[in-house]
Amino acid sequence: MIVKIGFNPEILKPDEEASPAFACGGMTLKLWALYKRKFITNQHFRESLVKFADYIRCANSKEPEDSGTTWYKDIHEFMAVLQTVGIIRGGSLHSHNEIVKWVIEHWDYFNPNIQKAITIEYEVTRPVTEQMVVGGIKHDG
């Protein structure tokens with residue numbers, strides 16, 4: 001799947017919503033990109049992304065039992081993680097049914113046994129300097 005974004009992630013400011021997603025990459029970036037394709041986010045979404053990134057970091061640690069965090073094993077546990085980090089919250093802009101449907105449709109991207117990839121596409125404009133070589137005067141004769 002290709003997810004098109006309208007900005008260059010290389011120039012994100014640290015306080016921007018997408019910043020933690022691009023800083024962490026992996027599942028956090030995938031969650032941000034796929035979620036933003038479907039839903040409008042609120043002012044709490046960045047904080048939830050940071051919590052999700054922390055969850056992934058702890059679950060990936062060499063000793064996950066030390067952090068008390070282990071990988072989710074199925075779609076129900078994944079939904080519980082999204083609820084814990086605040087992606088799914090009571091009073092969210094979106095109905096619970098919409099988010100459940102979204103998770104089911106995108107489960108193969110988050111399923112620990114499959115983890116389908118996404119491609120993020122964006123346009124970059126860079127200054128280009130071109131040269132034109134002009135030779136000397138040539139005389140006919």
# chains A, B, ... in the order shown; residues from 1 in each chain; ligands from 1

call {"tool": "residues_around", "arguments": {"residues": "region 73-86 of chain A", "least_positions_apart": "4", "cutoff": "7 Å", "atoms": "only C-alpha atoms", "output": "list of chain:residue names"}}
result
A:Ser48, A:Lys51, A:Phe52

call {"tool": "closest_atom_pairs", "arguments": {"of": "region 69-117 of chain A", "to": "region 14-36 of chain A", "cutoff": "10 Å", "atoms": "only C-alpha atoms", "output": "Markdown table"}}
result
| residue | atom | partner | partner_atom | distance |
| --- | --- | --- | --- | --- |
| A:Ile87 | CA | A:Tyr35 | CA | 9.5 |
| A:Ile99 | CA | A:Tyr35 | CA | 9.3 |
| A:Trp102 | CA | A:Tyr35 | CA | 8.3 |
| A:Val103 | CA | A:Tyr35 | CA | 9.3 |
| A:His106 | CA | A:Leu34 | CA | 8.0 |
| A:Tyr109 | CA | A:Lys30 | CA | 7.8 |
| A:Phe110 | CA | A:Met27 | CA | 7.3 |
| A:Gln115 | CA | A:Met27 | CA | 8.8 |
| A:Lys116 | CA | A:Lys30 | CA | 9.8 |
| A:Ala117 | CA | A:Lys30 | CA | 8.2 |

call {"tool": "atom_distance", "arguments": {"atom1": "CA of Glu10 (chain A)", "atom2": "CA of Glu123 (chain A)"}}
result
11.3 Å

call {"tool": "select_by_dssp", "arguments": {"residues": "chain A", "states": "strand (DSSP E or B)", "output": "PyMOL selection string"}}
result
chain A and resi 2-4+119-121

call {"tool": "select_by_dssp", "arguments": {"residues": "chain A", "states": "alpha helix (DSSP H)", "output": "ChimeraX atom specification"}}
result
/A:19-24,26-38,45-59,64-67,75-85,96-110

call {"tool": "atom_distance", "arguments": {"atom1": "CA of Ile56 (chain A)", "atom2": "CA of Trp71 (chain A)"}}
result
7.8 Å

call {"tool": "atom_distance", "arguments": {"atom1": "CA of Thr125 (chain A)", "atom2": "CA of Pro9 (chain A)"}}
result
12.5 Å

call {"tool": "closest_residue", "arguments": {"among": "A:Cys58, A:Glu121, A:Lys101, A:Val133", "to": "Met1 (chain A)", "atoms": "only C-alpha atoms"}}
result
A:Glu121

call {"tool": "closest_residue", "arguments": {"among": "A:Asn60, A:Asn111, A:Thr70, A:Thr119", "to": "Val3 (chain A)", "atoms": "only C-alpha atoms"}}
result
A:Thr119
